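*Asks:* Mind looking over this structure? Questions follow.
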Amino acid sequence: MKYYSTENNSPLVSLTEAVSQGTAPDGGLYMPEHIPYIPMAFFRNINEMTLKDIAYIVIDMLLGDDLDQETVRALVNETLTFEIPLVPTNDSRIMSLEMFHGPTFTSKDIGARFMAKLLSTLGICGGDSPTRIIIAGSGNSGSAVADAFAEIHNTKTTILYPKGNLSKLQLAKIYSKPDKVLALEVRGSYDDCIAIQRTAIFDGVLGNNVRIAPANSVNIARIIPLVAVFFHLYARMTANGASPDSIVVSIPTGNLTALVSGLIAKKMGLPIKRFIAATNSNDALGRFVRNEKETNHDIIKTLANEIDIKSPSNLPRIKELYKNDINRFIADTQVIESNDESIRLGMTESFLVGRYLTDPHGGLAYTALKKGLRTGENGVFLSTFHPALYSSIVEDITGVIPDNPKNIPDLNVIPKRPLSVPPIYQAAKRIIQQFNL
């Protein structure tokens, strides 16, 4: 399989080049040269297949001849070491796919762990030469990437996260491996963190003798395993009695990683009806659908802060999948915006009526699903974060303190005064250099 740039102004590259570069020289994002189609025969016995069985087949088809089947099987076995269960609510038409049962209690573990194992398998990291990962993240993505790469030899990770966005549990996950992870608080937004990361990579901040590997959601390695998750979702929904032409999936939508993965799965032949893209008040995808010009407005801080994003990184992939035909995209995806008041009402309804406790992002997806679900349809919303990561918000809205997941880190690892910098690259540069000496 070869990979091309969404800007169509860079040469085709191999899988190794695509995942080691992250983005193409022309600034585009890498896409597989062709998306394989899975025959309908695959779906006849899919209900009897495990998550790993499904993931192995789907990922093997996506990668083509890049890796042998034994290696793909090992990647799947080492990545998907936790369940992704479909959980019922009291509403028989609505179910939740819980994607937060990994080591950092977020859906980010799926893509991060696959990416780390893939980069190691391809020899991009884990060898005698040091590899340094720099990731701008809200905290959830950063901790997932740091945890995944902590297992890889001769690798260190720098996390840039926006101040004030994280709970104690999220911070504890970030600070739990100080010898392998530098956590750097940025007194700004997620977009400010992204700007520092990009400048650091292009500036060669760590010198020519150190490899820097990009680990954000623009890396195609973060998307590949999520494609398989949607086939797993379909298998569990149909096993639960839903007909394929009735299945609607609601996705909390920020950088569009999960949505792009679902749309690729649909183009591979996944026979679900449609997607709902649940956006918060920043509504970047809604502006794209309405063909509005991007404005310079500030990021709106919402309850679903993981997706407080003005410029979704994976939007070029959606444009490429649909060749900029918005009407074709709308036929597959309904974009529904919900403000904080709607999220609160959704979280309350999910708990009181559906008897299902969810975090604000799951509440956002639930709210959009309730708004968009039509007669005769069966819906599933993606629960991407354990409610305990947003414990204070969940308690404030529902009156319930979520149970902590197993193996939570020691909260005492959180420094009273974290390393903190203004949203300026030069302020972060020296700290990053010193950590990676």
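All residue names refer to the structure tokens as shown: chains lettered A, B, ... in order, residues numbered from 1 in each chain, ligands numbered from 1 in order.
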Determine, counting only C-alpha atoms, which protein, DNA and RNA residues have an atom within 7 Å of an atom of A:Leu182; residues of the same chain fewer than 4 positions away are not included. Present the result as an MDAnalysis selection string.

*Replies:* chainID A and resid 157:159 178 435

*Asks:* Atoms to include: N, CA and C atoms. Write the selected residues as an mmCIF file, in the first residue's frame.

*Replies:*
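Contents of selection.cif, freshly written:
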data_model
loop_
_atom_site.group_PDB
_atom_site.id
_atom_site.type_symbol
_atom_site.label_atom_id
_atom_site.label_comp_id
_atom_site.auth_asym_id
_atom_site.auth_seq_id
_atom_site.Cartn_x
_atom_site.Cartn_y
_atom_site.Cartn_z
ATOM 1 N N THR A 157 8.867 11.204 25.817
ATOM 2 C CA THR A 157 7.728 11.953 25.292
ATOM 3 C C THR A 157 7.596 13.292 26.001
ATOM 4 N N THR A 158 7.369 14.346 25.218
ATOM 5 C CA THR A 158 7.040 15.661 25.750
ATOM 6 C C THR A 158 5.575 15.945 25.457
ATOM 7 N N ILE A 159 4.811 16.239 26.514
ATOM 8 C CA ILE A 159 3.397 16.567 26.373
ATOM 9 C C ILE A 159 3.206 18.059 26.615
ATOM 10 N N PRO A 178 7.848 10.280 35.305
ATOM 11 C CA PRO A 178 8.696 11.455 35.103
ATOM 12 C C PRO A 178 9.994 11.176 34.363
ATOM 13 N N PHE A 435 15.273 18.420 28.895
ATOM 14 C CA PHE A 435 14.679 17.115 29.220
ATOM 15 C C PHE A 435 15.222 16.021 28.323
#

*Asks:* Tell me, as number ranges by chain, which residues lie within 12 Å of A:Ile94, counting only C-alpha atoms; anything in the same chain fewer than 6 positions away does not count.

*Replies:* A: 86-88, 237, 240, 242, 246-250, 350, 353-356, 365-370, 372-374, 376-382

*Asks:* Please, what distance in Å, to one decimal, runs between atom CA of A:Gly126 and atom CA of A:Glu151?

*Replies:*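 Interatomic distance here is 9.1 Å.
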
*Asks:* Which of these residues is nearest to A:Val289, using only C-alpha atoms: A:Asn305, A:Gln170, A:Thr333, A:Ser143?

*Replies:*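 Selected residue with least distance to A:Val289: A:Thr333.
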
*Asks:* With only C-alpha atoms as the counted atoms, please give the residues lying no more than 10 Å from stretch 7-16 of chain A, apart from itself and same-chain residues fewer than 6 positions off, as a list in words.

*Replies:*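 Counting only the stated atoms, we get Met1, Ala24, Pro25, Asp26, Gly27, Gly28, Leu29, Tyr30, Met31, Pro32, Glu33, Leu63, Asp66, Leu67, Leu118, Leu119, Thr121, Leu122, Gly123, Ile124, Ile220, Ala221, Pro316, Arg317 and Glu320 of chain A.
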
*Asks:* Would you work out the distance separating atom CA of A:Asn219 from atom CA of A:Ala18, expressed in Å to one decimal?

*Replies:*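 Atom-to-atom, atom CA of A:Asn219 and atom CA of A:Ala18 are spaced 7.8 Å apart.
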
*Asks:* If you run DSSP on this backbone, which residues of stretch 243-306 of chain A come out as helix (DSSP H, G or I), and could you give them as a list of chain:residue names?

*Replies:*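 DSSP-assigned helix (DSSP H, G or I) residues in stretch 243-306 of chain A: A:Pro244, A:Asp245, A:Ser246, A:Thr257, A:Ala258, A:Leu259, A:Val260, A:Ser261, A:Gly262, A:Leu263, A:Ile264, A:Ala265, A:Lys266, A:Lys267, A:Ala284, A:Leu285, A:Gly286, A:Arg287, A:Phe288, A:Val289, A:Asn305, A:Glu306.
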
*Asks:* Produce a file of the selected residues containing C-alpha atoms, as a PDB file, in the first residue's frame.

*Replies:*
ATOM      1  CA  PRO A 244     -27.803  -2.985   9.409  1.00  0.00           C
ATOM      2  CA  ASP A 245     -29.972  -0.405   7.655  1.00  0.00           C
ATOM      3  CA  SER A 246     -31.115   0.976  11.016  1.00  0.00           C
ATOM      4  CA  THR A 257     -10.177  11.217  14.086  1.00  0.00           C
ATOM      5  CA  ALA A 258     -13.029   8.858  14.973  1.00  0.00           C
ATOM      6  CA  LEU A 259     -15.354  10.277  12.324  1.00  0.00           C
ATOM      7  CA  VAL A 260     -12.750   9.859   9.581  1.00  0.00           C
ATOM      8  CA  SER A 261     -12.171   6.283  10.762  1.00  0.00           C
ATOM      9  CA  GLY A 262     -15.897   5.555  10.604  1.00  0.00           C
ATOM     10  CA  LEU A 263     -16.228   7.054   7.141  1.00  0.00           C
ATOM     11  CA  ILE A 264     -13.301   4.956   5.903  1.00  0.00           C
ATOM     12  CA  ALA A 265     -15.003   1.888   7.382  1.00  0.00           C
ATOM     13  CA  LYS A 266     -18.196   2.782   5.508  1.00  0.00           C
ATOM     14  CA  LYS A 267     -16.254   3.108   2.250  1.00  0.00           C
ATOM     15  CA  ALA A 284     -15.978  23.757  13.358  1.00  0.00           C
ATOM     16  CA  LEU A 285     -17.460  20.906  11.307  1.00  0.00           C
ATOM     17  CA  GLY A 286     -20.813  22.676  11.189  1.00  0.00           C
ATOM     18  CA  ARG A 287     -19.127  25.744   9.707  1.00  0.00           C
ATOM     19  CA  PHE A 288     -17.558  23.516   7.049  1.00  0.00           C
ATOM     20  CA  VAL A 289     -20.934  22.003   6.136  1.00  0.00           C
ATOM     21  CA  ASN A 305     -13.289  20.538  26.611  1.00  0.00           C
ATOM     22  CA  GLU A 306     -11.412  17.738  24.828  1.00  0.00           C
TER      23      GLU A 306
END

*Asks:* Using only C-alpha atoms, can you tell me which of A:Leu270, A:Ala74, A:Ile330, A:Glu98 comes closest to A:Ile46?

*Replies:*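 Of the candidates, the smallest distance to A:Ile46 is held by A:Leu270.
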
*Asks:* Of the candidates A:Ile84, A:Ala388, A:Ile152, A:Ile57, which shows the shortest atom-to-atom distance to A:Val72, using only C-alpha atoms?

*Replies:*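 Closest candidate: A:Ile57.
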
*Asks:* So, with only C-alpha atoms as the atoms that count, which of A:Leu357, A:Ile194, A:Ile110, A:Ile309 lies closest to A:Ile223?

*Replies:*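 Smallest separation from A:Ile223 among the options: A:Ile110.
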
*Asks:* Interatomic distance between atom CA of A:Gly164 and atom CA of A:Gly142?

*Replies:*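 Distance between the two atoms: 14.9 Å.
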
*Asks:* Report as number ranges by chain: the residues of stretch 125-321 of chain A with a DSSP assignment of strand (DSSP E or B), based on the backbone of this structure.

*Replies:* A: 131-136, 155-162, 181-186, 211-214, 247-252, 274-279

*Asks:* How about saving the chosen residues, C-alpha atoms kept, as a CSV table (one decimal), in the first residue's frame?

*Replies:*
chain,number,residue,atom,x,y,z
A,131,THR,CA,13.5,8.9,19.6
A,132,ARG,CA,11.6,11.8,21.0
A,133,ILE,CA,7.9,12.1,20.8
A,134,ILE,CA,6.4,15.6,21.0
A,135,ILE,CA,2.6,15.8,21.3
A,136,ALA,CA,0.2,18.7,21.8
A,155,THR,CA,12.0,6.8,23.7
A,156,LYS,CA,10.9,9.9,25.7
A,157,THR,CA,7.7,12.0,25.3
A,158,THR,CA,7.0,15.7,25.7
A,159,ILE,CA,3.4,16.6,26.4
A,160,LEU,CA,2.2,20.1,25.8
A,161,TYR,CA,-1.2,20.6,27.5
A,162,PRO,CA,-3.4,23.7,28.0
A,181,VAL,CA,7.6,11.9,30.1
A,182,LEU,CA,8.0,15.7,30.3
A,183,ALA,CA,4.7,17.4,31.1
A,184,LEU,CA,4.7,21.0,30.1
A,185,GLU,CA,1.7,23.2,30.9
A,186,VAL,CA,1.0,25.9,28.4
A,211,ARG,CA,14.6,11.4,15.6
A,212,ILE,CA,11.4,13.2,16.3
A,213,ALA,CA,8.2,11.2,15.7
A,214,PRO,CA,4.9,13.0,15.3
A,247,ILE,CA,-27.8,1.6,12.7
A,248,VAL,CA,-26.8,5.2,13.5
A,249,VAL,CA,-23.6,6.1,15.3
A,250,SER,CA,-23.1,9.3,17.2
A,251,ILE,CA,-19.5,10.5,17.6
A,252,PRO,CA,-18.2,13.4,19.8
A,274,ARG,CA,-25.3,6.9,8.8
A,275,PHE,CA,-23.2,8.9,11.3
A,276,ILE,CA,-24.1,11.8,13.6
A,277,ALA,CA,-21.2,14.2,14.2
A,278,ALA,CA,-21.8,15.7,17.7
A,279,THR,CA,-20.2,19.1,17.9

*Asks:* Under the rule that only C-alpha atoms are counted, which of A:Ile307, A:Ala150, A:Ala172, A:Met99 is the nearest residue to A:Gly137?

*Replies:* A:Ile307

*Asks:* Between stretch 138-205 of chain A and stretch 409-424 of chain A, at 7 Å or less, what are the per-residue closest atom pairs and their distances in Å? Count only C-alpha atoms, order by chain and rising residue number, and return it as JSON lines.

*Replies:*
{"residue": "A:Lys168", "atom": "CA", "partner": "A:Leu411", "partner_atom": "CA", "distance": 6.8}
{"residue": "A:Leu169", "atom": "CA", "partner": "A:Leu411", "partner_atom": "CA", "distance": 6.8}
{"residue": "A:Leu171", "atom": "CA", "partner": "A:Ile414", "partner_atom": "CA", "distance": 6.5}
{"residue": "A:Ala172", "atom": "CA", "partner": "A:Leu411", "partner_atom": "CA", "distance": 5.3}
{"residue": "A:Lys173", "atom": "CA", "partner": "A:Pro409", "partner_atom": "CA", "distance": 6.1}
{"residue": "A:Tyr175", "atom": "CA", "partner": "A:Ile414", "partner_atom": "CA", "distance": 6.1}
{"residue": "A:Ser176", "atom": "CA", "partner": "A:Val413", "partner_atom": "CA", "distance": 6.2}
{"residue": "A:Leu184", "atom": "CA", "partner": "A:Leu419", "partner_atom": "CA", "distance": 5.5}
{"residue": "A:Glu185", "atom": "CA", "partner": "A:Ser420", "partner_atom": "CA", "distance": 4.6}
{"residue": "A:Val186", "atom": "CA", "partner": "A:Val421", "partner_atom": "CA", "distance": 5.2}
{"residue": "A:Arg187", "atom": "CA", "partner": "A:Pro422", "partner_atom": "CA", "distance": 4.9}
{"residue": "A:Gly188", "atom": "CA", "partner": "A:Pro423", "partner_atom": "CA", "distance": 5.6}
{"residue": "A:Asp192", "atom": "CA", "partner": "A:Pro423", "partner_atom": "CA", "distance": 5.7}
{"residue": "A:Ile196", "atom": "CA", "partner": "A:Ile424", "partner_atom": "CA", "distance": 7.0}

*Asks:* Pick from A:Lys310, A:Lys2, A:Arg198, A:Ala116: nearest to A:Leu256, with only C-alpha atoms counted?

*Replies:*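 Of A:Lys310, A:Lys2, A:Arg198, A:Ala116, the one nearest A:Leu256, counting only C-alpha atoms, is A:Lys310.
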